[in-house]
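Participant: Sharing upload_8.cif, mmCIF, C-alpha atoms and all ligand atoms:
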```
data_structure
#
loop_
_atom_site.group_PDB
_atom_site.id
_atom_site.type_symbol
_atom_site.label_atom_id
_atom_site.label_comp_id
_atom_site.auth_asym_id
_atom_site.auth_seq_id
_atom_site.Cartn_x
_atom_site.Cartn_y
_atom_site.Cartn_z
ATOM 1 C CA MET I 1383 9.065 12.570 8.211
ATOM 2 C CA ILE I 1384 7.245 15.175 6.150
ATOM 3 C CA GLU I 1385 3.642 14.755 4.948
ATOM 4 C CA GLN I 1386 3.000 15.415 1.270
ATOM 5 C CA TYR I 1387 -0.235 15.438 -0.689
ATOM 6 C CA TYR I 1388 -1.211 14.664 -4.250
ATOM 7 C CA GLY I 1389 -4.964 15.225 -4.340
ATOM 8 C CA ASP I 1390 -6.301 12.865 -1.653
ATOM 9 C CA VAL I 1391 -3.161 10.762 -1.735
ATOM 10 C CA CYS I 1392 -0.981 11.287 1.325
ATOM 11 C CA TYR I 1393 2.619 10.142 1.456
ATOM 12 C CA LEU I 1394 5.616 10.699 3.716
ATOM 13 C CA GLN I 1395 9.156 11.731 2.904
ATOM 14 C CA PHE I 1396 12.310 11.482 4.933
ATOM 15 C CA GLN I 1397 13.581 14.910 5.838
ATOM 16 C CA HIS I 1398 17.229 13.980 5.388
ATOM 17 C CA TYR I 1399 16.714 13.208 1.693
ATOM 18 C CA HIS I 1400 15.630 16.767 0.949
ATOM 19 C CA PRO I 1401 19.150 18.097 0.243
ATOM 20 C CA TYR I 1402 19.281 15.648 -2.699
ATOM 21 C CA PRO I 1403 17.027 16.864 -5.543
ATOM 22 C CA GLU I 1404 18.227 13.963 -7.725
ATOM 23 C CA LEU I 1405 16.463 11.525 -5.393
ATOM 24 C CA ILE I 1406 12.708 10.974 -5.713
ATOM 25 C CA HIS I 1407 11.002 9.013 -2.951
ATOM 26 C CA GLY I 1408 7.786 8.433 -1.061
ATOM 27 C CA VAL I 1409 6.420 6.168 1.655
ATOM 28 C CA PHE I 1410 2.696 6.090 0.949
ATOM 29 C CA THR I 1411 -0.159 5.906 3.422
ATOM 30 C CA ARG I 1412 -3.354 3.995 2.602
ATOM 31 C CA ARG I 1413 -5.242 7.215 1.837
ATOM 32 C CA GLY I 1414 -6.576 8.485 -1.472
ATOM 33 C CA GLY I 1415 -6.778 5.260 -3.499
ATOM 34 C CA HIS I 1416 -9.552 3.377 -5.309
ATOM 35 C CA SER I 1417 -9.858 0.102 -3.385
ATOM 36 C CA LYS I 1418 -12.840 -0.816 -1.201
ATOM 37 C CA SER I 1419 -12.826 -2.345 2.283
ATOM 38 C CA PRO I 1420 -10.826 -4.202 3.562
ATOM 39 C CA TYR I 1421 -8.270 -2.872 1.049
ATOM 40 C CA HIS I 1422 -9.336 0.761 1.373
ATOM 41 C CA SER I 1423 -7.942 2.511 -0.274
ATOM 42 C CA LEU I 1424 -4.410 2.871 -1.719
ATOM 43 C CA ASN I 1425 -3.649 -0.845 -1.864
ATOM 44 C CA THR I 1426 -0.874 -1.932 -4.230
ATOM 45 C CA LEU I 1427 -1.000 -5.687 -3.572
ATOM 46 C CA GLY I 1428 -2.930 -7.904 -5.941
ATOM 47 C CA ASN I 1429 -2.996 -11.376 -7.445
ATOM 48 C CA LEU I 1430 -5.124 -13.453 -9.782
ATOM 49 C CA LYS I 1431 -6.265 -15.830 -7.030
ATOM 50 C CA GLY I 1432 -8.370 -13.355 -5.115
ATOM 51 C CA GLY I 1433 -8.057 -10.380 -2.842
ATOM 52 C CA ASP I 1434 -8.479 -6.874 -4.120
ATOM 53 C CA HIS I 1435 -10.095 -6.019 -7.462
ATOM 54 C CA LEU I 1436 -7.124 -5.924 -9.868
ATOM 55 C CA PRO I 1437 -8.188 -2.828 -11.851
ATOM 56 C CA HIS I 1438 -8.212 -0.969 -8.532
ATOM 57 C CA VAL I 1439 -4.721 -2.212 -7.672
ATOM 58 C CA VAL I 1440 -3.475 -1.144 -11.102
ATOM 59 C CA SER I 1441 -5.023 2.322 -10.851
ATOM 60 C CA ASN I 1442 -3.567 2.686 -7.348
ATOM 61 C CA ARG I 1443 -0.110 1.822 -8.676
ATOM 62 C CA GLN I 1444 -0.521 4.361 -11.471
ATOM 63 C CA LEU I 1445 -1.711 6.957 -8.987
ATOM 64 C CA VAL I 1446 1.358 6.397 -6.819
ATOM 65 C CA LEU I 1447 3.670 6.875 -9.811
ATOM 66 C CA ARG I 1448 1.820 10.051 -10.847
ATOM 67 C CA ALA I 1449 2.045 11.421 -7.303
ATOM 68 C CA LEU I 1450 5.843 11.297 -7.602
ATOM 69 C CA ALA I 1451 5.871 12.226 -11.323
ATOM 70 C CA LEU I 1452 7.366 8.817 -12.101
ATOM 71 C CA GLU I 1453 4.733 7.674 -14.592
ATOM 72 C CA GLU I 1454 7.150 7.810 -17.531
ATOM 73 C CA MET I 1455 9.710 5.605 -15.798
ATOM 74 C CA PRO I 1456 9.933 1.826 -15.810
ATOM 75 C CA CYS I 1457 9.048 0.493 -12.376
ATOM 76 C CA VAL I 1458 10.421 -2.701 -10.893
ATOM 77 C CA THR I 1459 9.491 -4.682 -7.832
ATOM 78 C CA LEU I 1460 10.297 -7.967 -6.108
ATOM 79 C CA TRP I 1461 8.297 -10.963 -5.028
ATOM 80 C CA ASN I 1462 9.000 -10.810 -1.297
ATOM 81 C CA ILE I 1463 9.822 -14.077 0.436
ATOM 82 C CA HIS I 1464 11.049 -12.825 3.849
ATOM 83 C CA GLY I 1465 14.636 -13.757 3.081
ATOM 84 C CA ALA I 1466 17.884 -11.793 2.886
ATOM 85 C CA ASP I 1467 18.632 -11.963 -0.850
ATOM 86 C CA VAL I 1468 19.467 -8.645 -2.484
ATOM 87 C CA ALA I 1469 18.572 -8.103 -6.140
ATOM 88 C CA VAL I 1470 20.602 -5.670 -8.252
ATOM 89 C CA PHE I 1471 18.646 -3.914 -10.979
ATOM 90 C CA GLU I 1472 20.624 -3.479 -14.209
ATOM 91 C CA ARG I 1473 18.992 -2.212 -17.373
ATOM 92 C CA SER I 1474 20.865 -4.832 -19.395
ATOM 93 C CA ASP I 1475 19.213 -7.702 -17.463
ATOM 94 C CA PRO I 1476 15.731 -8.923 -18.292
ATOM 95 C CA TRP I 1477 13.470 -7.378 -15.661
ATOM 96 C CA ARG I 1478 9.756 -6.814 -15.699
ATOM 97 C CA THR I 1479 9.051 -3.114 -15.590
ATOM 98 C CA ASP I 1480 5.248 -3.241 -15.770
ATOM 99 C CA TRP I 1481 4.490 -2.913 -12.056
ATOM 100 C CA ALA I 1482 1.719 -0.413 -12.791
ATOM 101 C CA ASN I 1483 0.079 -2.281 -15.696
ATOM 102 C CA LEU I 1484 -2.571 -4.964 -15.816
ATOM 103 C CA THR I 1485 -0.100 -7.114 -17.788
ATOM 104 C CA TYR I 1486 1.815 -7.515 -14.541
ATOM 105 C CA PHE I 1487 -0.981 -9.751 -13.260
ATOM 106 C CA GLU I 1488 -2.140 -11.301 -16.510
ATOM 107 C CA GLN I 1489 1.160 -12.553 -17.863
ATOM 108 C CA HIS I 1490 2.757 -15.618 -16.451
ATOM 109 C CA TRP I 1491 5.275 -15.020 -13.741
ATOM 110 C CA THR I 1492 8.652 -16.450 -14.415
ATOM 111 C CA ALA I 1493 11.536 -16.597 -12.014
ATOM 112 C CA GLU I 1494 13.634 -14.831 -14.612
ATOM 113 C CA TYR I 1495 11.440 -11.794 -14.936
ATOM 114 C CA LEU I 1496 9.759 -11.379 -11.600
ATOM 115 C CA ARG I 1497 12.601 -11.645 -9.144
ATOM 116 C CA LYS I 1498 12.258 -13.082 -5.687
ATOM 117 C CA GLY I 1499 14.027 -11.277 -2.908
ATOM 118 C CA ASP I 1500 13.616 -8.774 -0.112
ATOM 119 C CA ALA I 1501 15.955 -5.973 -1.076
ATOM 120 C CA ILE I 1502 16.618 -4.229 -4.363
ATOM 121 C CA ILE I 1503 19.459 -1.860 -5.189
ATOM 122 C CA THR I 1504 20.494 0.009 -8.319
ATOM 123 C CA HIS I 1505 22.767 2.716 -9.655
ATOM 124 C CA GLU I 1506 20.601 3.086 -12.765
ATOM 125 C CA ARG I 1507 18.898 6.433 -13.200
ATOM 126 C CA GLY I 1508 15.360 6.796 -14.431
ATOM 127 C CA VAL I 1509 13.966 3.603 -12.959
ATOM 128 C CA ALA I 1510 11.590 3.414 -10.000
ATOM 129 C CA LEU I 1511 12.021 0.764 -7.316
ATOM 130 C CA ALA I 1512 8.781 -0.173 -5.522
ATOM 131 C CA LEU I 1513 8.088 -2.520 -2.611
ATOM 132 C CA SER I 1514 4.846 -2.811 -0.643
ATOM 133 C CA PHE I 1515 4.311 -3.207 3.106
ATOM 134 C CA ALA I 1516 1.859 -3.870 5.922
ATOM 135 C CA ASP I 1517 3.722 -3.998 9.286
ATOM 136 C CA CYS I 1518 7.105 -5.086 7.889
ATOM 137 C CA THR I 1519 9.724 -2.334 7.928
ATOM 138 C CA PRO I 1520 10.423 -0.349 4.740
ATOM 139 C CA ILE I 1521 14.121 0.536 4.873
ATOM 140 C CA THR I 1522 15.393 3.002 2.261
ATOM 141 C CA PHE I 1523 19.051 3.515 1.311
ATOM 142 C CA TYR I 1524 20.728 6.318 -0.577
ATOM 143 C CA ASP I 1525 24.412 6.845 -1.248
ATOM 144 C CA PRO I 1526 24.821 10.409 -2.563
ATOM 145 C CA VAL I 1527 28.507 9.771 -3.349
ATOM 146 C CA GLN I 1528 28.185 6.681 -5.551
ATOM 147 C CA GLN I 1529 24.591 7.562 -6.543
ATOM 148 C CA VAL I 1530 23.070 4.241 -5.519
ATOM 149 C CA ILE I 1531 19.569 3.640 -4.149
ATOM 150 C CA GLY I 1532 17.944 0.669 -2.447
ATOM 151 C CA ILE I 1533 14.885 -0.523 -0.550
ATOM 152 C CA ALA I 1534 14.738 -3.458 1.874
ATOM 153 C CA HIS I 1535 11.698 -5.299 3.218
ATOM 154 C CA GLY I 1536 12.308 -6.091 6.874
ATOM 155 C CA GLY I 1537 9.672 -8.246 8.509
ATOM 156 C CA TRP I 1538 10.755 -10.289 11.490
ATOM 157 C CA ARG I 1539 11.963 -13.156 9.312
ATOM 158 C CA GLY I 1540 13.982 -10.987 6.952
ATOM 159 C CA THR I 1541 15.401 -9.033 9.884
ATOM 160 C CA ALA I 1542 16.375 -12.269 11.633
ATOM 161 C CA ARG I 1543 18.062 -13.369 8.404
ATOM 162 C CA GLY I 1544 20.011 -10.111 8.159
ATOM 163 C CA VAL I 1545 18.397 -8.452 5.137
ATOM 164 C CA VAL I 1546 19.547 -4.992 6.287
ATOM 165 C CA LEU I 1547 23.141 -6.183 6.673
ATOM 166 C CA ALA I 1548 22.999 -7.970 3.325
ATOM 167 C CA THR I 1549 21.731 -4.823 1.577
ATOM 168 C CA ILE I 1550 24.625 -2.727 2.888
ATOM 169 C CA ASP I 1551 27.125 -5.461 1.978
ATOM 170 C CA ALA I 1552 25.704 -5.667 -1.549
ATOM 171 C CA MET I 1553 25.924 -1.872 -1.980
ATOM 172 C CA GLN I 1554 29.558 -2.020 -0.872
ATOM 173 C CA GLU I 1555 30.542 -5.026 -2.971
ATOM 174 C CA ARG I 1556 28.668 -4.117 -6.116
ATOM 175 C CA PHE I 1557 29.038 -0.352 -6.216
ATOM 176 C CA GLY I 1558 31.877 0.499 -3.854
ATOM 177 C CA CYS I 1559 29.593 2.352 -1.429
ATOM 178 C CA LEU I 1560 31.007 3.257 1.974
ATOM 179 C CA ALA I 1561 28.773 2.702 5.000
ATOM 180 C CA GLN I 1562 29.515 6.177 6.328
ATOM 181 C CA ASP I 1563 28.098 7.755 3.164
ATOM 182 C CA LEU I 1564 24.745 5.978 3.271
ATOM 183 C CA ARG I 1565 21.566 7.817 4.285
ATOM 184 C CA VAL I 1566 19.018 5.360 5.639
ATOM 185 C CA GLY I 1567 15.318 5.776 6.356
ATOM 186 C CA ILE I 1568 13.336 3.436 8.607
ATOM 187 C CA GLY I 1569 9.700 3.766 7.572
ATOM 188 C CA PRO I 1570 6.430 3.026 9.388
ATOM 189 C CA ALA I 1571 6.273 -0.532 10.762
ATOM 190 C CA ILE I 1572 4.617 -2.375 13.610
ATOM 191 C CA GLY I 1573 6.060 -1.089 16.886
ATOM 192 C CA PRO I 1574 6.997 -2.714 20.188
ATOM 193 C CA CYS I 1575 3.655 -1.427 21.513
ATOM 194 C CA CYS I 1576 1.827 -3.969 19.337
ATOM 195 C CA TYR I 1577 4.215 -6.598 18.040
ATOM 196 C CA GLU I 1578 3.626 -9.631 20.213
ATOM 197 C CA VAL I 1579 5.691 -12.590 19.040
ATOM 198 C CA SER I 1580 6.248 -16.184 20.109
ATOM 199 C CA GLU I 1581 9.247 -17.442 22.052
ATOM 200 C CA GLN I 1582 10.342 -19.220 18.866
ATOM 201 C CA VAL I 1583 10.866 -15.846 17.181
ATOM 202 C CA ARG I 1584 13.252 -14.856 19.964
ATOM 203 C CA GLN I 1585 15.048 -18.201 19.709
ATOM 204 C CA LEU I 1586 15.580 -17.637 15.977
ATOM 205 C CA PHE I 1587 17.000 -14.154 16.551
ATOM 206 C CA ILE I 1588 19.392 -15.237 19.270
ATOM 207 C CA GLY I 1589 20.495 -18.312 17.356
ATOM 208 C CA GLN I 1590 19.102 -20.928 19.730
ATOM 209 C CA GLU I 1591 17.142 -22.164 16.742
ATOM 210 C CA GLN I 1592 17.729 -21.966 13.002
ATOM 211 C CA PHE I 1593 15.318 -21.513 10.102
ATOM 212 C CA GLU I 1594 14.786 -24.829 8.321
ATOM 213 C CA VAL I 1595 14.866 -23.063 4.961
ATOM 214 C CA MET I 1596 17.050 -20.067 4.133
ATOM 215 C CA PRO I 1597 19.033 -20.174 7.390
ATOM 216 C CA THR I 1598 20.694 -16.951 8.536
ATOM 217 C CA ALA I 1599 24.144 -16.679 6.930
ATOM 218 C CA PRO I 1600 26.832 -17.643 9.469
ATOM 219 C CA HIS I 1601 28.565 -14.254 9.194
ATOM 220 C CA TYR I 1602 25.333 -12.464 10.147
ATOM 221 C CA GLN I 1603 24.320 -14.689 13.061
ATOM 222 C CA GLY I 1604 26.319 -12.831 15.700
ATOM 223 C CA LEU I 1605 25.225 -9.383 14.501
ATOM 224 C CA VAL I 1606 21.578 -10.449 14.364
ATOM 225 C CA ARG I 1607 21.790 -11.854 17.896
ATOM 226 C CA GLU I 1608 23.382 -8.671 19.249
ATOM 227 C CA SER I 1609 20.906 -6.420 17.455
ATOM 228 C CA ALA I 1610 17.727 -8.098 18.665
ATOM 229 C CA VAL I 1611 15.574 -6.136 21.121
ATOM 230 C CA PHE I 1612 12.763 -7.955 22.919
ATOM 231 C CA THR I 1613 10.663 -6.743 25.830
ATOM 232 C CA THR I 1614 8.056 -8.376 28.021
ATOM 233 C CA VAL I 1615 4.821 -6.693 28.933
ATOM 234 C CA GLU I 1616 2.728 -7.853 31.895
ATOM 235 C CA LEU I 1617 -0.830 -8.530 30.813
ATOM 236 C CA PRO I 1618 -3.615 -9.859 33.077
ATOM 237 C CA GLY I 1619 -2.695 -13.481 33.720
ATOM 238 C CA ARG I 1620 0.225 -13.689 31.299
ATOM 239 C CA GLN I 1621 3.383 -12.151 29.939
ATOM 240 C CA SER I 1622 3.500 -10.834 26.389
ATOM 241 C CA LEU I 1623 6.788 -11.040 24.472
ATOM 242 C CA ARG I 1624 7.334 -8.091 22.122
ATOM 243 C CA LEU I 1625 9.824 -7.649 19.291
ATOM 244 C CA ASP I 1626 11.105 -4.115 18.785
ATOM 245 C CA LEU I 1627 11.661 -4.194 15.014
ATOM 246 C CA TRP I 1628 12.471 -0.464 14.912
ATOM 247 C CA GLN I 1629 15.333 -0.696 17.387
ATOM 248 C CA THR I 1630 16.550 -4.035 16.055
ATOM 249 C CA THR I 1631 16.775 -2.543 12.559
ATOM 250 C CA TYR I 1632 18.521 0.550 13.929
ATOM 251 C CA ASN I 1633 21.043 -1.595 15.825
ATOM 252 C CA GLN I 1634 21.855 -3.576 12.687
ATOM 253 C CA LEU I 1635 22.434 -0.363 10.743
ATOM 254 C CA ILE I 1636 24.801 0.915 13.426
ATOM 255 C CA SER I 1637 26.678 -2.391 13.544
ATOM 256 C CA ALA I 1638 27.154 -2.151 9.765
ATOM 257 C CA GLY I 1639 28.811 1.260 10.160
ATOM 258 C CA ILE I 1640 25.924 3.617 9.314
ATOM 259 C CA LEU I 1641 26.327 6.912 11.180
ATOM 260 C CA PRO I 1642 23.539 7.698 13.705
ATOM 261 C CA ALA I 1643 23.138 11.145 12.112
ATOM 262 C CA HIS I 1644 22.430 9.416 8.790
ATOM 263 C CA ILE I 1645 19.494 7.371 10.059
ATOM 264 C CA GLU I 1646 15.998 8.858 10.093
ATOM 265 C CA GLN I 1647 13.251 6.903 11.829
ATOM 266 C CA ALA I 1648 9.525 7.291 11.225
ATOM 267 C CA ALA I 1649 8.773 5.735 14.645
ATOM 268 C CA LEU I 1650 5.193 5.301 13.452
ATOM 269 C CA CYS I 1651 3.395 2.087 14.401
ATOM 270 C CA THR I 1652 1.305 0.698 11.542
ATOM 271 C CA SER I 1653 -0.848 -1.307 13.962
ATOM 272 C CA CYS I 1654 -1.614 1.729 16.173
ATOM 273 C CA HIS I 1655 -2.366 3.805 13.044
ATOM 274 C CA LYS I 1656 -4.412 1.506 10.875
ATOM 275 C CA GLU I 1657 -6.405 4.526 9.686
ATOM 276 C CA LEU I 1658 -3.157 5.662 8.011
ATOM 277 C CA PHE I 1659 -1.387 2.420 7.115
ATOM 278 C CA PHE I 1660 -2.273 -1.144 6.306
ATOM 279 C CA SER I 1661 -1.518 -3.433 9.245
ATOM 280 C CA HIS I 1662 -1.425 -7.185 8.744
ATOM 281 C CA ARG I 1663 -1.576 -7.757 12.491
ATOM 282 C CA ALA I 1664 -4.236 -5.218 13.454
ATOM 283 C CA GLU I 1665 -6.483 -6.242 10.553
ATOM 284 C CA HIS I 1666 -6.001 -9.994 11.002
ATOM 285 C CA GLY I 1667 -4.406 -10.538 7.606
ATOM 286 C CA LYS I 1668 -7.348 -9.096 5.636
ATOM 287 C CA THR I 1669 -5.788 -5.907 4.413
ATOM 288 C CA GLY I 1670 -3.746 -4.298 1.660
ATOM 289 C CA ARG I 1671 -0.165 -3.090 1.278
ATOM 290 C CA PHE I 1672 1.186 0.450 1.029
ATOM 291 C CA PRO I 1673 4.105 1.105 -1.291
ATOM 292 C CA THR I 1674 7.503 2.702 -0.797
ATOM 293 C CA LEU I 1675 9.292 4.002 -3.891
ATOM 294 C CA LEU I 1676 12.727 5.365 -4.705
ATOM 295 C CA ALA I 1677 14.198 6.597 -7.985
ATOM 296 C CA LEU I 1678 17.105 8.654 -9.249
ATOM 297 C CA ARG I 1679 16.189 11.399 -11.668
ATOM 298 C CA PRO I 1680 17.430 10.677 -15.212
HETATM 299 ZN ZN ZN I 1701 1.475 0.007 18.111
#
```
Output the file's structure in the form of structure tokens.

Facilitator:
Amino acid sequence: MIEQYYGDVCYLQFQHYHPYPELIHGVFTRRGGHSKSPYHSLNTLGNLKGGDHLPHVVSNRQLVLRALALEEMPCVTLWNIHGADVAVFERSDPWRTDWANLTYFEQHWTAEYLRKGDAIITHERGVALALSFADCTPITFYDPVQQVIGIAHGGWRGTARGVVLATIDAMQERFGCLAQDLRVGIGPAIGPCCYEVSEQVRQLFIGQEQFEVMPTAPHYQGLVRESAVFTTVELPGRQSLRLDLWQTTYNQLISAGILPAHIEQAALCTSCHKELFFSHRAEHGKTGRFPTLLALRP
């Protein structure tokens, strides 16, 4: 990935998107924002019940949009629930577009306006898609042929439920995208160096157990099982089970027909680099979220 700066704000871009000037994107680090510890400093997660100071979250969101010159565009997001549902943004549908305004927090959430889901796709131009992360994998999609963009949120639960596979299927079904045309970026996420998980996580991936709510769709179960990469590390007195989210995500992309040459991986561990990224694991849950944005120029 390539480092870019906007004042003190530092963000990363996938190299393989550079031949496409119509595509605007950025995976932000935590640097250059307004929030104080433990949300220092470019945190884009906020809520009315506590956590970061909301005016800081709002100014961080505005800063992110300015960094990419997206401040004139509507900006949509999703309420992430670690599932595999894919939302399709259409201008004709009622969507909230006030991601970077205080109204986003002050007005009542409704299911209709603030959508739940873990992937968002669109063929609309002039709208910014934004999702925020801290260890979960940001996965970006661009089809230069059909002119469709998407972002998926792949934590272990979403990945075990097939959110990557569901995103590609939705792009195919809704917009006629072909897997071999898609350019995919796997952003910074917790790596196998740091991601210790329980045996139950492995059981859920390999299908020995099922989620009680939102079970993995039957047609994804085999692909999820085959994609899963776990390792064991010998620690003093015990074995540590690790999930390799990077490789698992990569394997799912390949199984869905994405060409290896069309996948760019950050291979940056958020937990090893908590000076650069928010890490839920390394900071024991008391941390912020860094955003990933995509938009097609109007
Ligand atoms: Zn690490």

Participant: When the PyMOL selection byres (((not hetatm)) within 7 of (chain I and resi 1701)) is applied to the file above, which residues end up in the set, as a list of chain:residue names?

Facilitator: I:Ile1572, I:Gly1573, I:Pro1574, I:Cys1575, I:Cys1576, I:Cys1651, I:Thr1652, I:Ser1653, I:Cys1654

Participant: Between I:Val1566, I:Ala1610, I:Val1446, I:Val1470, which is the closest to Ala1512 (chain I) once you count only C-alpha atoms?

Facilitator: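 Result for the nearest residue to Ala1512 (chain I): I:Val1446.
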
Participant: Can you build me a table of region 1521-1607 of chain I residues sitting at most 12 Å from region 1449-1462 of chain I, with the closest atom pair per residue and its distance in Å to one decimal, using only C-alpha atoms, sorted by chain and residue number, as a Markdown table?

Facilitator:
```
| residue | atom | partner | partner_atom | distance |
| --- | --- | --- | --- | --- |
| I:Gly1532 | CA | I:Thr1459 | CA | 11.4 |
| I:Ile1533 | CA | I:Thr1459 | CA | 10.0 |
| I:Ala1534 | CA | I:Asn1462 | CA | 9.9 |
| I:His1535 | CA | I:Asn1462 | CA | 7.6 |
| I:Gly1536 | CA | I:Asn1462 | CA | 10.0 |
| I:Gly1537 | CA | I:Asn1462 | CA | 10.2 |
| I:Arg1539 | CA | I:Asn1462 | CA | 11.3 |
| I:Gly1540 | CA | I:Asn1462 | CA | 9.6 |
| I:Val1545 | CA | I:Asn1462 | CA | 11.6 |
```

Participant: Rank I:Cys1518, I:Phe1557, I:Ser1637, I:Arg1679 by their smallest atom-to-atom distance to Leu1625 (chain I), using only C-alpha atoms, and report the top residue only.

Facilitator: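 For Leu1625 (chain I), the nearest of the candidates is I:Cys1518.
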
Participant: On this file, the PyMOL selection byres (((chain I and resi 1645) around 12) and not hetatm) gives some set of residues; write that set as a PDB file with C-alpha atoms, in the frame of the given file.

Facilitator:
```pdb
ATOM      1  CA  MET I1383       9.065  12.570   8.211  1.00  0.00           C
ATOM      2  CA  PHE I1396      12.310  11.482   4.933  1.00  0.00           C
ATOM      3  CA  GLN I1397      13.581  14.910   5.838  1.00  0.00           C
ATOM      4  CA  HIS I1398      17.229  13.980   5.388  1.00  0.00           C
ATOM      5  CA  TYR I1399      16.714  13.208   1.693  1.00  0.00           C
ATOM      6  CA  ILE I1521      14.121   0.536   4.873  1.00  0.00           C
ATOM      7  CA  THR I1522      15.393   3.002   2.261  1.00  0.00           C
ATOM      8  CA  PHE I1523      19.051   3.515   1.311  1.00  0.00           C
ATOM      9  CA  TYR I1524      20.728   6.318  -0.577  1.00  0.00           C
ATOM     10  CA  ALA I1561      28.773   2.702   5.000  1.00  0.00           C
ATOM     11  CA  GLN I1562      29.515   6.177   6.328  1.00  0.00           C
ATOM     12  CA  ASP I1563      28.098   7.755   3.164  1.00  0.00           C
ATOM     13  CA  LEU I1564      24.745   5.978   3.271  1.00  0.00           C
ATOM     14  CA  ARG I1565      21.566   7.817   4.285  1.00  0.00           C
ATOM     15  CA  VAL I1566      19.018   5.360   5.639  1.00  0.00           C
ATOM     16  CA  GLY I1567      15.318   5.776   6.356  1.00  0.00           C
ATOM     17  CA  ILE I1568      13.336   3.436   8.607  1.00  0.00           C
ATOM     18  CA  GLY I1569       9.700   3.766   7.572  1.00  0.00           C
ATOM     19  CA  TRP I1628      12.471  -0.464  14.912  1.00  0.00           C
ATOM     20  CA  GLN I1629      15.333  -0.696  17.387  1.00  0.00           C
ATOM     21  CA  THR I1631      16.775  -2.543  12.559  1.00  0.00           C
ATOM     22  CA  TYR I1632      18.521   0.550  13.929  1.00  0.00           C
ATOM     23  CA  ASN I1633      21.043  -1.595  15.825  1.00  0.00           C
ATOM     24  CA  GLN I1634      21.855  -3.576  12.687  1.00  0.00           C
ATOM     25  CA  LEU I1635      22.434  -0.363  10.743  1.00  0.00           C
ATOM     26  CA  ILE I1636      24.801   0.915  13.426  1.00  0.00           C
ATOM     27  CA  GLY I1639      28.811   1.260  10.160  1.00  0.00           C
ATOM     28  CA  ILE I1640      25.924   3.617   9.314  1.00  0.00           C
ATOM     29  CA  LEU I1641      26.327   6.912  11.180  1.00  0.00           C
ATOM     30  CA  PRO I1642      23.539   7.698  13.705  1.00  0.00           C
ATOM     31  CA  ALA I1643      23.138  11.145  12.112  1.00  0.00           C
ATOM     32  CA  HIS I1644      22.430   9.416   8.790  1.00  0.00           C
ATOM     33  CA  GLU I1646      15.998   8.858  10.093  1.00  0.00           C
ATOM     34  CA  GLN I1647      13.251   6.903  11.829  1.00  0.00           C
ATOM     35  CA  ALA I1648       9.525   7.291  11.225  1.00  0.00           C
ATOM     36  CA  ALA I1649       8.773   5.735  14.645  1.00  0.00           C
TER      37      ALA I1649
END
```

Participant: I need the output of the PyMOL selection byres (((chain I and resi 1542) around 9) and not hetatm) for this file as a PyMOL selection string; which residues are they?

Facilitator: chain I and resi 1465-1466+1536-1541+1543-1545+1583+1586-1588+1598+1603+1606-1607+1610

Participant: For Arg1507 (chain I), which residue among I:Gln1395, I:Gln1529, I:Ser1419, I:Gln1444 is the nearest when counting all atoms listed in the file?

Facilitator: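 That would be I:Gln1529, the residue with the smallest distance to Arg1507 (chain I).
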
Participant: Quick one: pull the distance between CA of Gly1604 (chain I) and CA of Gln1621 (chain I), Å, one decimal.

Facilitator: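 That distance, rounded to one decimal, is 27.0 Å.
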
Participant: Neighbouring residues of Ala1552 (chain I) were defined as those with any atom within 7 Å, considering only C-alpha atoms; residues of the same chain fewer than 4 positions away were excluded. Please report them as an NGL selection string.

Facilitator: :I and (1468 or 1548 or 1556)

Participant: Can you tell me how far CA of Leu1496 (chain I) sits from CA of Tyr1393 (chain I), in Å to one decimal?

Facilitator: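 Taking CA of Leu1496 (chain I) as the start and CA of Tyr1393 (chain I) as the end point, the length is 26.2 Å.
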
Participant: Mind rebuilding region 1615-1623 of chain I with N, CA and C atoms and writing that out as an mmCIF file, in the frame of the given file?

Facilitator:
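Wrote it out as part16.cif, contents follow:
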```
data_model
loop_
_atom_site.group_PDB
_atom_site.id
_atom_site.type_symbol
_atom_site.label_atom_id
_atom_site.label_comp_id
_atom_site.auth_asym_id
_atom_site.auth_seq_id
_atom_site.Cartn_x
_atom_site.Cartn_y
_atom_site.Cartn_z
ATOM 1 N N VAL I 1615 5.845 -7.567 28.367
ATOM 2 C CA VAL I 1615 4.821 -6.693 28.933
ATOM 3 C C VAL I 1615 3.906 -7.570 29.787
ATOM 4 N N GLU I 1616 3.613 -7.099 31.004
ATOM 5 C CA GLU I 1616 2.728 -7.853 31.895
ATOM 6 C C GLU I 1616 1.277 -7.595 31.504
ATOM 7 N N LEU I 1617 0.590 -8.649 31.113
ATOM 8 C CA LEU I 1617 -0.830 -8.530 30.813
ATOM 9 C C LEU I 1617 -1.579 -9.316 31.889
ATOM 10 N N PRO I 1618 -2.877 -9.085 32.064
ATOM 11 C CA PRO I 1618 -3.615 -9.859 33.077
ATOM 12 C C PRO I 1618 -3.442 -11.356 32.846
ATOM 13 N N GLY I 1619 -2.811 -12.027 33.787
ATOM 14 C CA GLY I 1619 -2.695 -13.481 33.720
ATOM 15 C C GLY I 1619 -1.573 -14.020 32.848
ATOM 16 N N ARG I 1620 -0.852 -13.154 32.136
ATOM 17 C CA ARG I 1620 0.225 -13.689 31.299
ATOM 18 C C ARG I 1620 1.234 -12.597 30.938
ATOM 19 N N GLN I 1621 2.363 -13.073 30.425
ATOM 20 C CA GLN I 1621 3.383 -12.151 29.939
ATOM 21 C C GLN I 1621 3.346 -12.136 28.421
ATOM 22 N N SER I 1622 3.526 -10.965 27.843
ATOM 23 C CA SER I 1622 3.500 -10.834 26.389
ATOM 24 C C SER I 1622 4.889 -10.449 25.904
ATOM 25 N N LEU I 1623 5.456 -11.303 25.022
ATOM 26 C CA LEU I 1623 6.788 -11.040 24.472
ATOM 27 C C LEU I 1623 6.649 -10.133 23.253
#
```
